[in-house]
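Shown next, in structure tokens, is the structure this report addresses.
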Amino acid sequence: MFDCLVIGAGVVGSLIARKLSSYQLSIAILEKESDVGSGVTMANSAIVHSGYDPVPGTLKAKLNVLGNKMFDQIAEELDVELERCGSLTVALYDEQLPLLEELSKRSKENGVPVKLLSPKEVLEMEPNINPNVKGALFAPTAGLINPFTLPVHACENAVDNGAKLFLNEKVVSIKKNGELFDVICESKNVYQAKVIINCAGIYSEEIHKMIEDVDYQLIPRKGEYFLLDHYSDSLVKHTIFPLPSAKGKGILVSPTTGGTYIVGPSAEVTFSKDDVSTDKPTLDEVKRQALEMVPSIPFNQVIRTFAGTRPTPTTHDFIIDFAKSDKNFITCSGIESPGLASSPAIAEYVVNEFVSKVLSLKKKDNFNPYVRKRVNLAKMSVEEKNKLIKEHPEYGEIICNCEKVTLGEILDEFKSSVPPMTIKAVRKRTRAGFGKCQGGFCLPLVTREISKKFNIPVNKILYQFKDSYVAPYKVKEQKDD
Amino acid sequence: MIKKRLVIIGGGSAGMAAAIKAYELGERDILIIEKNNYLGGILNQCIHNGFGLHEFKEELTGPEFMSRFSKKVDELGIEYRLNSNVLNISDDKVVTYTNSKEGVVEVKADAIILSAGCYERNAGAIQIPGDRPSGVYTAGQAQLFVNCYGYLVGKRVFILGSGDIGLIMARRMTLEGAKVLGVAELMPYSAGLNRNIVQCLKDFDIPLYLSHTVKKIEGKSHLEKVTIAKVDEKMNFIEGTEMSFDVDTLLLSVGLLPNVDLFNKLPIRISRTRGAVVNQAMESDIRGIFACGNVLHVHDLVDYVVEEAREAAEGAVQYLNGELKHEGHVYEVSPGNGIGYVVPQLVYIDDVKEKLSFKFRVRKPFKDVTIYIKEGEKVIKKLFKPAIIPSEMEIVKLDKSLFSKEANEISVYVEEKK
């Protein structure tokens, strides 16, 4: 039996679990996939939005602005790359200038520091922007975050502080059993808990419906992206947005913490919640709009296209509340953009405003907010590196050439309390395979290392999801399994 | 800091051939840096035969071909580091590499030859439409799994792209018991060598769909279905030509790209081959930094890689001996009608000893074609060919005496007999 059971180990679920783990509570996290951060969290723009855009007075506005302020501490404690690069929302036509003014007012109402820039100032800051730019809104607090290690390290920190993570556990039904909930998984395992926190991303509507009817709907809206390789001259130094529209913040061009560039997303309603496919007409349109803002984007440097799904609520705001019929069920639904930027504030809000009402919260004496610090070779001097390699020779052996990831960094992740067991999980933690060859050379090597570490035969190693075997058959073996 | 006269980055066929040639020309202070724990590079996983017809006048497998070079490297006592990865080249030629024994090492080189090979264009680079399941590999990845690890990536296979590795893998997967349902090629002609079309597809009744490409891949977790369709001359899909295949594997053989990362931070121009711009000595924009093999432009045969590596070694030794003057008459070489690219792009004619070779590929297949090399407006060489195809690299060797130094442009072009 657990005091609290979090459904979904995305960025929101992981940060809530971490926050809960600072109290004297027993906590379980159920995740349907083989790794943390595999759903909505996995594909987004990786931007810590400043909060210039949400409608004042909404939860989105409140939690975005609050969340943004919390990121320096979160990034420090959880050892996640954060760069406060600032954002520029650009007007390309004269008729857009009043909108820019309005956005500036809205920012101030939300408590976000911003500055309106003249075309000259914009071009001085970002010489690659369309020279016909008419002005821009500069938001210096906007930032970039590593969207892969944030949920992983948050969850790891929760586990290090006593939470239990259960992977590959897909919740199929929830039943009230006296004062407790019985949470039944596809595996037939049953978890009992006093309080449930629903953080199931795009499926949080389905989870919520397991206990009562709901008066909202989550519409899957797909966003398709391009990822461009690192190259010498910087394309843009800030996140560049067009003016927002009813469809959202629009197609951005931004650096990433990995040194690559991201262009996107589109915004299309899709029929299936797990549809993360890409298509050429949509990507062509993304490309067209992006080139209008930044005409010199080198699209011949694309290393990947991908899509993510936003859980867009029919209420147009985050849905964070007790269930109508049961205060012991707390839901976090419709966490679309600016969900990532809001996530640390969502965690505080859920625990302070909701969990505290149903459970007595006593601080743990030994809570450690710091995740185990990773070796950061990029920031080390040659002398420091040599000292490290002398003690741990595996830091001298490079596995991923494109991103210069060493065997040492991969083996180190295996020691974590939320170790990577799939190819994708290794990529998310170390960037091995995230570069221009997309694992062309390192995929077999990473497969070998996972196999060695966990003593799983190579043909049983998964790329990511269930049955996604990397190399399922042994040569010269007649049997198919 | 260690000092070396010549540092060679990459110990594959190009790196080894360059090292051996430099040694033969009298250079003794050579270091090869190789990322794998063996020399020979990609040839180690190419266990099929067909290598060495020009070099050794016999057909060898990849490992046999490369071992002749690695034995020679050992015999000559040329120094090399295995499991060593170059992190950086500075513009004053300090090469930084790392390995687990020595840590991070900086070597001040007098000359550098980059022979780091190439990598495969992948699903990301070609922006493949549809889902993102597992089961989509580059042909080389599947080759490494089957030939070096003993694992097969799938049993029902479709192949996109008719590059040589894809064709070789069509045969290889078939021999290991997989069913290869077809090969789609975007262009109206194959990207691979004719002998591979015959020996790897026709001999196994594997259909080749020309002017076709993948329209959609499907599979939430693992690949389940690939849909291809025909394209018109503008590469747009033709409605109604879709064909679907239930497969667990899609192999991509859609081209190779020079692995030129180490040049990215340097003031070195990159040409349309996506390798460095080089002069007749295979020297980049930085004096004393050379490139050869697939890191410069993608070759069809390893024999030609070896030949180019020797040119680069000669250039490097000339440079080390102060014989590369970069003085006098300079030509800019450009591709003309029907030609995709020409290497080298620059020629310091006074630095040429006797002969100069131009390497190039045509943009599309030609029949009854004449290759012209023009200096300014004057044709200095004419060569007739019954057929010429993009999958084969052309080499034209010219005597230094043919160049009159009256113009600064050289162009290479083809004309078909009307």
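Naming scheme: A, B, ... for chains in displayed order of the structure tokens; residues 1 onward per chain; ligands 1 onward as shown.
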
Select all residues from chain A having any atom no more than 8 Å from an atom of chain B (counting only C-alpha atoms, ignoring ligands), output as a PDB file with N, CA and C atoms, in the first residue's frame.
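The resulting file, out15.pdb, is shown below:
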ATOM      1  N   TYR A 231      26.614  23.265 -36.266  1.00  0.00           N
ATOM      2  CA  TYR A 231      27.615  23.719 -37.208  1.00  0.00           C
ATOM      3  C   TYR A 231      28.277  24.971 -36.674  1.00  0.00           C
ATOM      4  N   SER A 232      29.326  25.386 -37.359  1.00  0.00           N
ATOM      5  CA  SER A 232      30.233  26.371 -36.800  1.00  0.00           C
ATOM      6  C   SER A 232      29.575  27.726 -36.516  1.00  0.00           C
ATOM      7  N   ASP A 274      -1.829   8.362 -30.119  1.00  0.00           N
ATOM      8  CA  ASP A 274      -0.429   7.921 -30.210  1.00  0.00           C
ATOM      9  C   ASP A 274       0.137   8.162 -31.605  1.00  0.00           C
ATOM     10  N   ASP A 275      -0.480   9.065 -32.344  1.00  0.00           N
ATOM     11  CA  ASP A 275       0.016   9.368 -33.689  1.00  0.00           C
ATOM     12  C   ASP A 275       1.163  10.368 -33.604  1.00  0.00           C
ATOM     13  N   VAL A 276       2.377   9.878 -33.790  1.00  0.00           N
ATOM     14  CA  VAL A 276       3.523  10.794 -33.839  1.00  0.00           C
ATOM     15  C   VAL A 276       4.233  10.648 -35.191  1.00  0.00           C
ATOM     16  N   SER A 277       3.423  10.423 -36.218  1.00  0.00           N
ATOM     17  CA  SER A 277       3.996  10.286 -37.559  1.00  0.00           C
ATOM     18  C   SER A 277       4.227  11.684 -38.147  1.00  0.00           C
ATOM     19  N   THR A 278       5.117  11.729 -39.118  1.00  0.00           N
ATOM     20  CA  THR A 278       5.366  12.990 -39.816  1.00  0.00           C
ATOM     21  C   THR A 278       4.905  12.843 -41.260  1.00  0.00           C
ATOM     22  N   ASP A 279       4.629  13.942 -41.905  1.00  0.00           N
ATOM     23  CA  ASP A 279       4.288  13.873 -43.330  1.00  0.00           C
ATOM     24  C   ASP A 279       4.879  15.077 -44.048  1.00  0.00           C
ATOM     25  N   LYS A 280       5.137  14.891 -45.323  1.00  0.00           N
ATOM     26  CA  LYS A 280       5.881  15.882 -46.091  1.00  0.00           C
ATOM     27  C   LYS A 280       5.143  17.215 -46.232  1.00  0.00           C
ATOM     28  N   GLN A 301      21.038  20.436 -43.459  1.00  0.00           N
ATOM     29  CA  GLN A 301      21.691  19.924 -42.246  1.00  0.00           C
ATOM     30  C   GLN A 301      20.691  19.207 -41.335  1.00  0.00           C
ATOM     31  N   VAL A 302      19.516  18.879 -41.856  1.00  0.00           N
ATOM     32  CA  VAL A 302      18.518  18.193 -41.026  1.00  0.00           C
ATOM     33  C   VAL A 302      19.038  16.805 -40.660  1.00  0.00           C
ATOM     34  N   ILE A 303      18.984  16.491 -39.360  1.00  0.00           N
ATOM     35  CA  ILE A 303      19.406  15.143 -38.964  1.00  0.00           C
ATOM     36  C   ILE A 303      18.228  14.284 -38.524  1.00  0.00           C
ATOM     37  N   ARG A 304      17.091  14.914 -38.287  1.00  0.00           N
ATOM     38  CA  ARG A 304      15.928  14.127 -37.895  1.00  0.00           C
ATOM     39  C   ARG A 304      14.666  14.975 -38.030  1.00  0.00           C
ATOM     40  N   THR A 305      13.567  14.310 -38.360  1.00  0.00           N
ATOM     41  CA  THR A 305      12.263  14.946 -38.241  1.00  0.00           C
ATOM     42  C   THR A 305      11.487  14.105 -37.250  1.00  0.00           C
ATOM     43  N   PHE A 306      10.626  14.746 -36.478  1.00  0.00           N
ATOM     44  CA  PHE A 306       9.853  13.978 -35.508  1.00  0.00           C
ATOM     45  C   PHE A 306       8.584  14.740 -35.166  1.00  0.00           C
ATOM     46  N   VAL A 382      41.944  19.717 -19.866  1.00  0.00           N
ATOM     47  CA  VAL A 382      42.674  18.522 -20.289  1.00  0.00           C
ATOM     48  C   VAL A 382      43.243  17.785 -19.066  1.00  0.00           C
ATOM     49  N   LYS A 385      40.499  15.963 -17.278  1.00  0.00           N
ATOM     50  CA  LYS A 385      40.093  14.786 -18.043  1.00  0.00           C
ATOM     51  C   LYS A 385      41.115  13.659 -17.870  1.00  0.00           C
ATOM     52  N   ASN A 386      42.394  14.031 -17.931  1.00  0.00           N
ATOM     53  CA  ASN A 386      43.434  13.005 -17.814  1.00  0.00           C
ATOM     54  C   ASN A 386      43.427  12.328 -16.456  1.00  0.00           C
ATOM     55  N   ILE A 389      40.472   9.939 -16.588  1.00  0.00           N
ATOM     56  CA  ILE A 389      40.694   8.775 -17.448  1.00  0.00           C
ATOM     57  C   ILE A 389      41.700   7.818 -16.800  1.00  0.00           C
ATOM     58  N   LYS A 390      42.642   8.363 -16.055  1.00  0.00           N
ATOM     59  CA  LYS A 390      43.608   7.521 -15.358  1.00  0.00           C
ATOM     60  C   LYS A 390      42.884   6.634 -14.338  1.00  0.00           C
ATOM     61  N   PRO A 393      39.432   4.488 -17.009  1.00  0.00           N
ATOM     62  CA  PRO A 393      39.853   4.527 -18.418  1.00  0.00           C
ATOM     63  C   PRO A 393      38.683   4.611 -19.409  1.00  0.00           C
ATOM     64  N   GLU A 394      37.490   4.154 -18.988  1.00  0.00           N
ATOM     65  CA  GLU A 394      36.352   4.146 -19.923  1.00  0.00           C
ATOM     66  C   GLU A 394      35.931   5.559 -20.361  1.00  0.00           C
ATOM     67  N   TYR A 395      36.398   6.580 -19.634  1.00  0.00           N
ATOM     68  CA  TYR A 395      36.090   7.949 -20.067  1.00  0.00           C
ATOM     69  C   TYR A 395      37.005   8.399 -21.215  1.00  0.00           C
ATOM     70  N   GLY A 396      37.947   7.560 -21.575  1.00  0.00           N
ATOM     71  CA  GLY A 396      38.804   7.875 -22.727  1.00  0.00           C
ATOM     72  C   GLY A 396      38.315   7.204 -24.000  1.00  0.00           C
ATOM     73  N   GLU A 397      37.300   6.352 -23.843  1.00  0.00           N
ATOM     74  CA  GLU A 397      36.837   5.586 -25.002  1.00  0.00           C
ATOM     75  C   GLU A 397      35.524   6.166 -25.523  1.00  0.00           C
ATOM     76  N   ILE A 398      35.569   6.678 -26.737  1.00  0.00           N
ATOM     77  CA  ILE A 398      34.375   7.313 -27.293  1.00  0.00           C
ATOM     78  C   ILE A 398      33.514   6.287 -28.026  1.00  0.00           C
ATOM     79  N   ASN A 401      30.607   8.985 -31.929  1.00  0.00           N
ATOM     80  CA  ASN A 401      31.524   9.950 -32.522  1.00  0.00           C
ATOM     81  C   ASN A 401      30.892  11.289 -32.767  1.00  0.00           C
ATOM     82  N   LYS A 404      30.362  12.756 -29.360  1.00  0.00           N
ATOM     83  CA  LYS A 404      31.529  12.544 -28.493  1.00  0.00           C
ATOM     84  C   LYS A 404      31.123  12.027 -27.100  1.00  0.00           C
ATOM     85  N   LYS A 436      24.430  13.340 -36.075  1.00  0.00           N
ATOM     86  CA  LYS A 436      24.106  13.335 -37.493  1.00  0.00           C
ATOM     87  C   LYS A 436      23.986  11.933 -38.088  1.00  0.00           C
ATOM     88  N   CYS A 437      24.703  10.959 -37.535  1.00  0.00           N
ATOM     89  CA  CYS A 437      24.579   9.620 -38.133  1.00  0.00           C
ATOM     90  C   CYS A 437      23.458   8.836 -37.472  1.00  0.00           C
ATOM     91  N   GLN A 438      22.816   9.426 -36.457  1.00  0.00           N
ATOM     92  CA  GLN A 438      21.631   8.838 -35.820  1.00  0.00           C
ATOM     93  C   GLN A 438      21.869   7.384 -35.380  1.00  0.00           C
ATOM     94  N   GLY A 440      24.182   5.400 -36.538  1.00  0.00           N
ATOM     95  CA  GLY A 440      24.719   4.564 -37.615  1.00  0.00           C
ATOM     96  C   GLY A 440      25.906   3.742 -37.148  1.00  0.00           C
ATOM     97  N   PHE A 441      26.781   4.350 -36.373  1.00  0.00           N
ATOM     98  CA  PHE A 441      27.948   3.623 -35.887  1.00  0.00           C
ATOM     99  C   PHE A 441      27.775   3.100 -34.456  1.00  0.00           C
ATOM    100  N   LEU A 443      24.930   2.443 -32.574  1.00  0.00           N
ATOM    101  CA  LEU A 443      23.797   1.595 -32.178  1.00  0.00           C
ATOM    102  C   LEU A 443      24.240   0.177 -31.782  1.00  0.00           C
ATOM    103  N   PRO A 444      25.049  -0.480 -32.628  1.00  0.00           N
ATOM    104  CA  PRO A 444      25.482  -1.825 -32.213  1.00  0.00           C
ATOM    105  C   PRO A 444      26.320  -1.805 -30.931  1.00  0.00           C
ATOM    106  N   VAL A 458      21.608 -10.050 -26.897  1.00  0.00           N
ATOM    107  CA  VAL A 458      21.497  -8.940 -27.855  1.00  0.00           C
ATOM    108  C   VAL A 458      20.137  -8.950 -28.563  1.00  0.00           C
ATOM    109  N   ASN A 459      19.651 -10.144 -28.899  1.00  0.00           N
ATOM    110  CA  ASN A 459      18.396 -10.199 -29.658  1.00  0.00           C
ATOM    111  C   ASN A 459      17.154  -9.905 -28.810  1.00  0.00           C
ATOM    112  N   TYR A 463      14.633  -1.289 -28.776  1.00  0.00           N
ATOM    113  CA  TYR A 463      14.940   0.084 -29.176  1.00  0.00           C
ATOM    114  C   TYR A 463      14.230   1.039 -28.215  1.00  0.00           C
ATOM    115  N   GLN A 464      12.934   0.814 -28.000  1.00  0.00           N
ATOM    116  CA  GLN A 464      12.200   1.694 -27.107  1.00  0.00           C
ATOM    117  C   GLN A 464      10.946   1.019 -26.571  1.00  0.00           C
ATOM    118  N   PHE A 465       9.952   0.861 -27.430  1.00  0.00           N
ATOM    119  CA  PHE A 465       8.669   0.358 -26.968  1.00  0.00           C
ATOM    120  C   PHE A 465       8.642  -1.173 -26.970  1.00  0.00           C
ATOM    121  N   LYS A 466       7.561  -1.705 -26.457  1.00  0.00           N
ATOM    122  CA  LYS A 466       7.353  -3.153 -26.388  1.00  0.00           C
ATOM    123  C   LYS A 466       7.583  -3.778 -27.779  1.00  0.00           C
ATOM    124  N   ASP A 467       8.289  -4.867 -27.824  1.00  0.00           N
ATOM    125  CA  ASP A 467       8.548  -5.628 -29.058  1.00  0.00           C
ATOM    126  C   ASP A 467       9.416  -4.903 -30.090  1.00  0.00           C
ATOM    127  N   SER A 468       9.996  -3.770 -29.711  1.00  0.00           N
ATOM    128  CA  SER A 468      10.816  -3.059 -30.703  1.00  0.00           C
ATOM    129  C   SER A 468      12.255  -3.578 -30.650  1.00  0.00           C
ATOM    130  N   TYR A 469      12.404  -4.874 -30.938  1.00  0.00           N
ATOM    131  CA  TYR A 469      13.736  -5.491 -30.871  1.00  0.00           C
ATOM    132  C   TYR A 469      14.664  -4.890 -31.913  1.00  0.00           C
ATOM    133  N   VAL A 470      15.896  -4.672 -31.492  1.00  0.00           N
ATOM    134  CA  VAL A 470      16.883  -4.053 -32.379  1.00  0.00           C
ATOM    135  C   VAL A 470      17.380  -5.061 -33.414  1.00  0.00           C
ATOM    136  N   ALA A 471      17.775  -6.223 -32.953  1.00  0.00           N
ATOM    137  CA  ALA A 471      18.303  -7.261 -33.845  1.00  0.00           C
ATOM    138  C   ALA A 471      17.754  -8.597 -33.353  1.00  0.00           C
ATOM    139  N   PRO A 472      16.515  -8.913 -33.743  1.00  0.00           N
ATOM    140  CA  PRO A 472      15.781  -9.985 -33.068  1.00  0.00           C
ATOM    141  C   PRO A 472      16.240 -11.417 -33.347  1.00  0.00           C
ATOM    142  N   TYR A 473      17.039 -11.622 -34.382  1.00  0.00           N
ATOM    143  CA  TYR A 473      17.340 -13.019 -34.723  1.00  0.00           C
ATOM    144  C   TYR A 473      18.830 -13.300 -34.674  1.00  0.00           C
ATOM    145  N   LYS A 474      19.148 -14.465 -34.157  1.00  0.00           N
ATOM    146  CA  LYS A 474      20.546 -14.905 -34.197  1.00  0.00           C
ATOM    147  C   LYS A 474      20.800 -15.580 -35.532  1.00  0.00           C
ATOM    148  N   VAL A 475      21.912 -15.250 -36.143  1.00  0.00           N
ATOM    149  CA  VAL A 475      22.251 -15.852 -37.432  1.00  0.00           C
ATOM    150  C   VAL A 475      22.472 -17.344 -37.248  1.00  0.00           C
ATOM    151  N   LYS A 476      22.053 -18.123 -38.234  1.00  0.00           N
ATOM    152  CA  LYS A 476      22.220 -19.579 -38.257  1.00  0.00           C
ATOM    153  C   LYS A 476      21.331 -20.281 -37.234  1.00  0.00           C
TER     154      LYS A 476
END

I want to know what sits within 8 Å of A:Ala9, based on only C-alpha atoms, with residues of the same chain fewer than 4 positions away left out; could you give that as a CSV table (one decimal) with C-alpha atoms, in the first residue's frame?
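After the write, part03.csv holds the following:
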chain,number,residue,atom,x,y,z
A,13,GLY,CA,4.6,13.1,-12.8
A,14,SER,CA,8.3,12.9,-12.1
A,29,ILE,CA,5.1,5.9,-9.8
A,30,LEU,CA,3.5,3.8,-12.5
A,31,GLU,CA,4.8,4.2,-16.1
A,36,VAL,CA,10.6,7.8,-17.9
A,37,GLY,CA,9.6,10.6,-20.2
A,151,PRO,CA,12.2,14.0,-16.2
A,155,CYS,CA,12.4,10.6,-11.3
A,199,CYS,CA,-0.2,12.7,-14.7
A,200,ALA,CA,-0.9,10.4,-17.6

Among stretch 19-101 of chain A, which residues does DSSP mark as helix (DSSP H, G or I) when it is run on the backbone? Keep the chain and numbering as in the structure and answer as an MDAnalysis selection string. chainID A and resid 19:20 40:42 59:78 94:101

Å distance separating atom CA of A:Ile74 from atom CA of A:Val152, one decimal place: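 Separation of atom CA of A:Ile74 and atom CA of A:Val152: 12.8 Å.
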
When DSSP is applied to the backbone of this structure, which of stretch 213-454 of chain A are assigned strand (DSSP E or B)? Write them out as a VMD selection string. chain A and resid 218 to 228 239 to 241 245 248 252 to 255 261 to 264 268 to 269 278 302 to 313 319 to 322 329 to 333 363 398 to 400 405 to 406

I want to know what sits within 9 Å of B:Met187, based on only C-alpha atoms, with residues of the same chain fewer than 2 positions away left out; could you give that as a PyMOL selection string? chain B and resi 161+185+189-191+210-213+231+233+235

Take the residues just selected and output them with C-alpha atoms as an mmCIF file, in the first residue's frame.
data_model
loop_
_atom_site.group_PDB
_atom_site.id
_atom_site.type_symbol
_atom_site.label_atom_id
_atom_site.label_comp_id
_atom_site.auth_asym_id
_atom_site.auth_seq_id
_atom_site.Cartn_x
_atom_site.Cartn_y
_atom_site.Cartn_z
ATOM 1 C CA GLY B 161 17.911 3.096 -52.340
ATOM 2 C CA GLU B 185 15.170 3.676 -56.141
ATOM 3 C CA TYR B 189 18.494 4.478 -62.824
ATOM 4 C CA SER B 190 20.352 2.512 -60.182
ATOM 5 C CA ALA B 191 22.761 4.145 -57.774
ATOM 6 C CA LEU B 210 13.046 2.492 -60.321
ATOM 7 C CA SER B 211 11.538 5.994 -59.890
ATOM 8 C CA HIS B 212 9.910 4.801 -56.676
ATOM 9 C CA THR B 213 10.378 5.894 -53.109
ATOM 10 C CA VAL B 231 7.449 9.581 -58.654
ATOM 11 C CA GLU B 233 10.282 13.814 -63.129
ATOM 12 C CA MET B 235 9.956 13.789 -57.754
#

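Residues with any atom within 9 Å of A:Arg18, counting only C-alpha atoms and excluding same-chain neighbours fewer than 2 positions away, are Gly13, Ser14, Leu15, Ile16, Leu20, Ser21, Ser22, Ala154, Cys155, Glu156, Asn157, Ala158, Val159, Asn161, Ala163, Ala347 and Pro369 of chain A.
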
What lies within 8 Å of A:Val350 using only C-alpha atoms, ignoring chain neighbours under 4 positions off, as a compact mmCIF listing (two decimals) with C-alpha atoms, in the first residue's frame?
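As written to disk, around.txt reads:
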# COMPACT_ATOMS: atom_id res chain seq x y z
CA ILE A 16 5.46 15.71 -8.49
CA ILE A 320 -5.45 20.59 -12.11
CA ILE A 346 2.79 22.41 -11.21
CA PHE A 354 -4.18 19.51 -3.21
CA VAL A 355 -2.16 16.69 -1.66

Within 9 Å of B:Val306, counting only C-alpha atoms, which residues show up once you throw out same-chain ones fewer than 6 positions away? Write them as a ChimeraX atom specification, please. /B:13-18,55,292-293

May I have the residues within 12 Å of B:Tyr304 as a ChimeraX atom specification, using only C-alpha atoms and disregarding those fewer than 3 positions away in the same chain? /B:13-14,17,51-55,292-294,297-301,307-311,357,359-360,392-395
